[in-house]
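Visitor: Below is one structure. I have some questions about it.
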Amino acid sequence: MKNITTVLSPALFEATVGGVENKNVVVIDILRATTTMCVAMENGANSIWPVDSVQKAAQAGSSFLTAGERNGEKVEGFDLGNSPQEFSEEVVKGRDIVMTTTNGTKAISLSEGAKNIYIASYRNISAVVQELQKQPEDIVLFCSGWKDQVNLEDTLFAGEVIYLVGGSGYQVAGSGGRESEVDSPKSVVGGRESEDSGPITNYQLPCTKYQVPITSYQLNDSSWLALKLYEEVSGEEGTFLENASHVQRFKSLHIESDLEVCLKRDTSELVLRVEQGIIRRFVVT
Ligand code: 3SL
């Protein structure tokens, strides 16, 4: 039995998971930090050192490209902001980057001590899912949110990871094999059974997509929330995310074109992992 626990914002980290030792943490900041990290590594950056303050980044040393934002705007004096469009091959290839962002790098530092810390975005979602399916330990999906608040984009993405990790159907444990094999997330049958049978939080998710053996997963309430949101919105992410407060913020900062980059799927098969505080490509052995 594996637990998939979703942490909806850094403010809920302590209360939701307490500690992350022996757990696989996936840090999610779709708009934009973890997407930008993926783009930088896709374009050949050597490594990214995520730090939680502007001061630390500024003191990193001249060999680093400095990158970061506060409130969505580039930190004054830094080489780069946090727009994925700035991290082109020409700019980042072979470079070590030090990066600080309002929420994403904070979630990474809170995850310190986990067995593995992965960096996820739509750009590497399938690679991350396959990596998670191989790991025997519990999974924590850590949504960076916005200034400790829950946001739509990270929650929606967490829901898709839950859906994909388990595959395209699932059955209620103890239901005598009642199973839902489905074509689209919208028709997934799940949920809790009647009050009399008590709460059922223990589901078997047979994965067909990546042909992994059936594993049982236990979802916390936030994971259920995320999964159900994904089922509802799947295929219409772009339209749905027009409602997101951060997309509204993009509009006021005139950076709407970043949204399209952030919603691009599977542009690489990179698994990015934080190793001794530094984000590197994870070489699967
Ligand atoms: O907070 C963060 O980590 C950033 O991704 C926010 S922003 O999109 O750069 O505003």
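Identifiers in the structure tokens: chain A, B, ... in order shown; residue index from 1 per chain; ligand index from 1 in order shown.
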To check your reading of the model: which residues sit at most 8 Å from ligand 1 when counting only C-alpha atoms and all ligand atoms? Write the answer as a tab-separated table (two decimals) with N, CA, C and O atoms, in the first residue's frame.
Guide:
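The result, written out as out.tsv:
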chain	number	residue	atom	x	y	z
A	29	ASP	N	5.13	23.70	-9.41
A	29	ASP	CA	4.81	25.13	-9.52
A	29	ASP	C	4.65	25.41	-11.01
A	29	ASP	O	5.56	25.88	-11.69
A	30	ILE	N	3.47	25.05	-11.50
A	30	ILE	CA	3.22	25.09	-12.95
A	30	ILE	C	3.43	26.50	-13.50
A	30	ILE	O	4.01	26.68	-14.57
A	31	LEU	N	2.95	27.51	-12.79
A	31	LEU	CA	3.14	28.91	-13.21
A	31	LEU	C	4.00	29.61	-12.17
A	31	LEU	O	3.50	30.13	-11.21
A	32	ARG	N	5.35	29.64	-12.35
A	32	ARG	CA	6.06	29.14	-13.48
A	32	ARG	C	7.33	28.39	-13.07
A	32	ARG	O	8.04	27.87	-13.92
A	33	ALA	N	7.66	28.40	-11.77
A	33	ALA	CA	9.02	28.00	-11.39
A	33	ALA	C	9.44	26.61	-11.87
A	33	ALA	O	10.51	26.44	-12.45
A	34	THR	N	8.59	25.59	-11.61
A	34	THR	CA	9.06	24.25	-11.99
A	34	THR	C	9.02	24.05	-13.51
A	34	THR	O	9.80	23.29	-14.07
A	68	GLY	N	15.53	34.85	-11.13
A	68	GLY	CA	14.51	34.86	-10.09
A	68	GLY	C	13.54	36.01	-10.23
A	68	GLY	O	13.74	36.95	-10.99
A	69	GLU	N	12.48	35.88	-9.46
A	69	GLU	CA	11.43	36.90	-9.43
A	69	GLU	C	10.91	37.09	-8.02
A	69	GLU	O	11.08	36.22	-7.16
A	70	ARG	N	10.29	38.22	-7.84
A	70	ARG	CA	9.46	38.44	-6.67
A	70	ARG	C	8.18	39.10	-7.18
A	70	ARG	O	8.25	40.04	-7.98
A	71	ASN	N	7.07	38.55	-6.76
A	71	ASN	CA	5.76	39.00	-7.24
A	71	ASN	C	5.66	38.97	-8.77
A	71	ASN	O	4.98	39.80	-9.38
A	72	GLY	N	6.35	38.01	-9.36
A	72	GLY	CA	6.27	37.83	-10.81
A	72	GLY	C	7.26	38.66	-11.61
A	72	GLY	O	7.44	38.46	-12.80
A	73	GLU	N	7.91	39.61	-10.95
A	73	GLU	CA	8.81	40.50	-11.69
A	73	GLU	C	10.27	40.14	-11.43
A	73	GLU	O	10.65	39.77	-10.31
A	81	GLY	N	14.82	36.60	-15.27
A	81	GLY	CA	13.67	36.56	-14.37
A	81	GLY	C	13.22	35.13	-14.19
A	81	GLY	O	14.04	34.23	-13.98
A	82	ASN	N	11.91	34.89	-14.31
A	82	ASN	CA	11.38	33.53	-14.16
A	82	ASN	C	10.49	33.15	-15.33
A	82	ASN	O	9.67	32.25	-15.22
A	83	SER	N	10.66	33.85	-16.46
A	83	SER	CA	9.88	33.45	-17.63
A	83	SER	C	10.60	32.31	-18.34
A	83	SER	O	11.79	32.43	-18.65
A	100	THR	N	15.88	31.95	-7.44
A	100	THR	CA	14.98	32.14	-6.30
A	100	THR	C	13.64	32.67	-6.80
A	100	THR	O	13.60	33.56	-7.65
A	101	THR	N	12.56	32.07	-6.30
A	101	THR	CA	11.22	32.50	-6.73
A	101	THR	C	10.33	32.66	-5.49
A	101	THR	O	10.68	32.21	-4.40
A	102	THR	N	9.19	33.27	-5.69
A	102	THR	CA	8.33	33.56	-4.54
A	102	THR	C	7.85	32.28	-3.84
A	102	THR	O	7.88	32.20	-2.61
A	103	ASN	N	7.44	31.31	-4.62
A	103	ASN	CA	6.82	30.12	-3.99
A	103	ASN	C	7.54	28.80	-4.29
A	103	ASN	O	7.68	27.96	-3.42
A	104	GLY	N	7.96	28.62	-5.54
A	104	GLY	CA	8.52	27.32	-5.95
A	104	GLY	C	9.78	26.94	-5.19
A	104	GLY	O	9.91	25.81	-4.70
A	105	THR	N	10.72	27.87	-5.08
A	105	THR	CA	11.97	27.51	-4.41
A	105	THR	C	11.74	27.36	-2.89
A	105	THR	O	12.46	26.62	-2.23
A	106	LYS	N	10.70	28.00	-2.40
A	106	LYS	CA	10.35	27.82	-0.97
A	106	LYS	C	9.86	26.37	-0.74
A	106	LYS	O	10.26	25.71	0.22
A	144	SER	N	3.08	24.32	-4.84
A	144	SER	CA	3.73	25.53	-4.29
A	144	SER	C	2.73	26.63	-3.98
A	144	SER	O	2.98	27.49	-3.13
A	145	GLY	N	1.61	26.64	-4.71
A	145	GLY	CA	0.58	27.66	-4.43
A	145	GLY	C	1.08	29.07	-4.70
A	145	GLY	O	2.07	29.29	-5.40
A	146	TRP	N	0.37	30.01	-4.12
A	146	TRP	CA	0.78	31.42	-4.24
A	146	TRP	C	0.75	32.05	-2.84
A	146	TRP	O	-0.30	32.18	-2.25
A	147	LYS	N	1.91	32.39	-2.33
A	147	LYS	CA	2.01	33.00	-1.01
A	147	LYS	C	1.15	32.26	0.02
A	147	LYS	O	0.30	32.84	0.69
A	246	HIS	N	-3.38	33.52	-10.84
A	246	HIS	CA	-2.05	33.82	-11.37
A	246	HIS	C	-2.11	34.14	-12.86
A	246	HIS	O	-1.27	34.89	-13.36
A	249	ARG	N	-2.87	37.63	-12.93
A	249	ARG	CA	-1.62	38.37	-12.62
A	249	ARG	C	-0.74	38.45	-13.87
A	249	ARG	O	-0.15	39.49	-14.15
A	250	PHE	N	-0.67	37.36	-14.62
A	250	PHE	CA	0.10	37.36	-15.88
A	250	PHE	C	-0.37	38.49	-16.78
A	250	PHE	O	0.42	39.16	-17.42
Visitor: With the cut-off set at 9 Å and counting only C-alpha atoms, tabulate each residue of region 29-84 of chain A with an atom at most that distance from an atom of region 264-285 of chain A, showing the nearest atom pair and its distance in Å to one decimal, ordered by chain and increasing number, as a tab-separated table.
Guide:
residue	atom	partner	partner_atom	distance
A:Met37	CA	A:Ile279	CA	8.6
A:Cys38	CA	A:Leu272	CA	7.6
A:Val39	CA	A:Thr267	CA	8.9
A:Met41	CA	A:Arg281	CA	7.6
A:Glu42	CA	A:Ser268	CA	6.8
A:Asn46	CA	A:Arg280	CA	7.3
A:Ser47	CA	A:Arg280	CA	5.3
A:Ile48	CA	A:Ile279	CA	5.0
A:Trp49	CA	A:Ile278	CA	4.7
A:Pro50	CA	A:Ile278	CA	6.8
A:Val51	CA	A:Gly277	CA	8.7
Visitor: Check the smallest atom-to-atom distance from each of A:Val26, A:Ala244, A:Ala11, A:Ala158 to Lys115 (chain A) using only C-alpha atoms, then report the winner.
Guide: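 So, comparing all the options, the nearest one is A:Val26.
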Visitor: Could you give me the residues within region 105-146 of chain A that DSSP places in strand (DSSP E), as a count of residues only?
Guide: 10
Visitor: Write out as a tab-separated table (two decimals) with N, CA and C atoms, in the first residue's frame the residues lying within 7 Å of Glu153 (chain A), counting only C-alpha atoms and excluding same-chain residues fewer than 2 positions away.
Guide:
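Writing done, so here's selection_27.tsv:
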chain	number	residue	atom	x	y	z
A	30	ILE	N	3.47	25.05	-11.50
A	30	ILE	CA	3.22	25.09	-12.95
A	30	ILE	C	3.43	26.50	-13.50
A	151	ASN	N	-3.69	27.16	-5.12
A	151	ASN	CA	-4.02	27.67	-6.46
A	151	ASN	C	-4.57	26.56	-7.35
A	155	THR	N	-2.98	22.40	-8.21
A	155	THR	CA	-3.93	21.37	-7.76
A	155	THR	C	-4.38	20.51	-8.93
A	156	LEU	N	-4.67	21.17	-10.04
A	156	LEU	CA	-5.11	20.45	-11.25
A	156	LEU	C	-4.02	19.50	-11.73
A	157	PHE	N	-2.80	19.98	-11.72
A	157	PHE	CA	-1.68	19.14	-12.17
A	157	PHE	C	-1.49	17.95	-11.22
A	241	LEU	N	-8.06	27.35	-16.71
A	241	LEU	CA	-7.06	28.14	-15.97
A	241	LEU	C	-7.16	29.64	-16.25
Visitor: Hey, which of A:Phe87, A:Glu14, A:Val165, A:Val98 ends up closest to Gln130 (chain A)? Count only C-alpha atoms.
Guide: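 Among A:Phe87, A:Glu14, A:Val165, A:Val98, it is A:Val165 that comes nearest to Gln130 (chain A).
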Visitor: Based on DSSP run over this structure's backbone, return all residues of region 39-176 of chain A in alpha helix (DSSP H), as a PyMOL selection string.
Guide: chain A and resi 39-42+54-58+89-92+104-110+125-134+152-166
Visitor: Just write the chosen residues, N, CA and C atoms, as a short mmCIF file (atom, residue, chain, number, x, y, z; two decimals), in the first residue's frame.
Guide:
data_model
loop_
_atom_site.label_atom_id
_atom_site.label_comp_id
_atom_site.auth_asym_id
_atom_site.auth_seq_id
_atom_site.Cartn_x
_atom_site.Cartn_y
_atom_site.Cartn_z
N VAL A 39 12.37 23.83 -18.54
CA VAL A 39 12.81 24.43 -19.81
C VAL A 39 14.32 24.66 -19.78
N ALA A 40 14.82 25.18 -18.67
CA ALA A 40 16.26 25.45 -18.57
C ALA A 40 17.06 24.16 -18.75
N MET A 41 16.62 23.08 -18.11
CA MET A 41 17.35 21.83 -18.22
C MET A 41 17.17 21.21 -19.61
N GLU A 42 15.97 21.38 -20.20
CA GLU A 42 15.77 20.90 -21.59
C GLU A 42 16.75 21.60 -22.52
N VAL A 54 16.62 36.18 -2.10
CA VAL A 54 17.30 36.98 -3.13
C VAL A 54 18.76 37.16 -2.72
N GLN A 55 18.96 37.38 -1.43
CA GLN A 55 20.32 37.61 -0.95
C GLN A 55 21.25 36.42 -1.23
N LYS A 56 20.73 35.20 -0.93
CA LYS A 56 21.56 34.02 -1.19
C LYS A 56 21.90 33.90 -2.66
N ALA A 57 20.92 34.18 -3.51
CA ALA A 57 21.17 34.07 -4.96
C ALA A 57 22.20 35.10 -5.40
N ALA A 58 22.06 36.30 -4.85
CA ALA A 58 22.97 37.38 -5.25
C ALA A 58 24.40 37.08 -4.84
N GLU A 89 18.36 28.01 -25.21
CA GLU A 89 19.61 27.25 -25.29
C GLU A 89 20.82 28.19 -25.32
N GLU A 90 20.69 29.23 -26.13
CA GLU A 90 21.80 30.22 -26.25
C GLU A 90 22.22 30.77 -24.90
N VAL A 91 21.22 30.98 -24.05
CA VAL A 91 21.49 31.64 -22.77
C VAL A 91 21.97 30.63 -21.70
N VAL A 92 21.38 29.44 -21.68
CA VAL A 92 21.62 28.58 -20.50
C VAL A 92 22.52 27.36 -20.75
N GLY A 104 7.96 28.62 -5.54
CA GLY A 104 8.52 27.32 -5.95
C GLY A 104 9.78 26.94 -5.19
N THR A 105 10.72 27.87 -5.08
CA THR A 105 11.97 27.51 -4.41
C THR A 105 11.74 27.36 -2.89
N LYS A 106 10.70 28.00 -2.40
CA LYS A 106 10.35 27.82 -0.97
C LYS A 106 9.86 26.37 -0.74
N ALA A 107 9.03 25.88 -1.65
CA ALA A 107 8.54 24.49 -1.52
C ALA A 107 9.70 23.50 -1.61
N ILE A 108 10.66 23.80 -2.48
CA ILE A 108 11.82 22.90 -2.59
C ILE A 108 12.58 22.89 -1.27
N SER A 109 12.81 24.05 -0.68
CA SER A 109 13.58 24.00 0.58
C SER A 109 12.81 23.33 1.70
N LEU A 110 11.48 23.47 1.72
CA LEU A 110 10.71 22.77 2.75
C LEU A 110 10.79 21.24 2.58
N ILE A 125 5.71 15.59 -17.45
CA ILE A 125 4.75 14.86 -16.61
C ILE A 125 4.86 13.35 -16.78
N SER A 126 4.98 12.85 -18.01
CA SER A 126 5.01 11.39 -18.19
C SER A 126 6.27 10.79 -17.58
N ALA A 127 7.39 11.49 -17.75
CA ALA A 127 8.65 10.98 -17.19
C ALA A 127 8.57 10.91 -15.67
N VAL A 128 7.99 11.93 -15.07
CA VAL A 128 7.85 11.95 -13.60
C VAL A 128 6.93 10.82 -13.14
N VAL A 129 5.84 10.64 -13.86
CA VAL A 129 4.88 9.58 -13.48
C VAL A 129 5.56 8.21 -13.54
N GLN A 130 6.28 7.97 -14.60
CA GLN A 130 6.95 6.66 -14.72
C GLN A 130 7.97 6.46 -13.61
N GLU A 131 8.67 7.52 -13.26
CA GLU A 131 9.65 7.44 -12.17
C GLU A 131 8.93 7.14 -10.84
N LEU A 132 7.81 7.80 -10.60
CA LEU A 132 7.07 7.58 -9.34
C LEU A 132 6.56 6.14 -9.26
N GLN A 133 6.16 5.61 -10.40
CA GLN A 133 5.63 4.24 -10.38
C GLN A 133 6.71 3.22 -10.00
N LYS A 134 7.97 3.61 -10.20
CA LYS A 134 9.05 2.67 -9.86
C LYS A 134 9.44 2.75 -8.39
N LEU A 152 -5.21 26.99 -8.42
CA LEU A 152 -5.87 26.03 -9.32
C LEU A 152 -4.88 25.20 -10.11
N GLU A 153 -3.85 25.86 -10.66
CA GLU A 153 -2.99 25.17 -11.62
C GLU A 153 -2.19 24.04 -10.98
N ASP A 154 -1.68 24.26 -9.79
CA ASP A 154 -0.88 23.20 -9.16
C ASP A 154 -1.78 22.04 -8.69
N THR A 155 -2.98 22.40 -8.21
CA THR A 155 -3.93 21.37 -7.76
C THR A 155 -4.38 20.51 -8.93
N LEU A 156 -4.67 21.17 -10.04
CA LEU A 156 -5.11 20.45 -11.25
C LEU A 156 -4.02 19.50 -11.73
N PHE A 157 -2.80 19.98 -11.72
CA PHE A 157 -1.68 19.14 -12.17
C PHE A 157 -1.49 17.95 -11.22
N ALA A 158 -1.59 18.20 -9.92
CA ALA A 158 -1.45 17.09 -8.94
C ALA A 158 -2.51 16.03 -9.23
N GLY A 159 -3.72 16.47 -9.56
CA GLY A 159 -4.79 15.52 -9.88
C GLY A 159 -4.44 14.66 -11.07
N GLU A 160 -3.82 15.25 -12.06
CA GLU A 160 -3.45 14.46 -13.25
C GLU A 160 -2.34 13.46 -12.90
N VAL A 161 -1.41 13.88 -12.07
CA VAL A 161 -0.35 12.93 -11.67
C VAL A 161 -0.98 11.74 -10.94
N ILE A 162 -1.91 12.02 -10.05
CA ILE A 162 -2.58 10.93 -9.32
C ILE A 162 -3.28 10.01 -10.32
N TYR A 163 -3.98 10.62 -11.26
CA TYR A 163 -4.69 9.85 -12.26
C TYR A 163 -3.75 8.97 -13.07
N LEU A 164 -2.62 9.55 -13.49
CA LEU A 164 -1.69 8.80 -14.34
C LEU A 164 -0.89 7.76 -13.56
N VAL A 165 -0.53 8.08 -12.35
CA VAL A 165 0.22 7.11 -11.55
C VAL A 165 -0.61 5.84 -11.40
N GLY A 166 -1.90 6.02 -11.21
CA GLY A 166 -2.76 4.86 -11.03
C GLY A 166 -3.24 4.24 -12.33
#
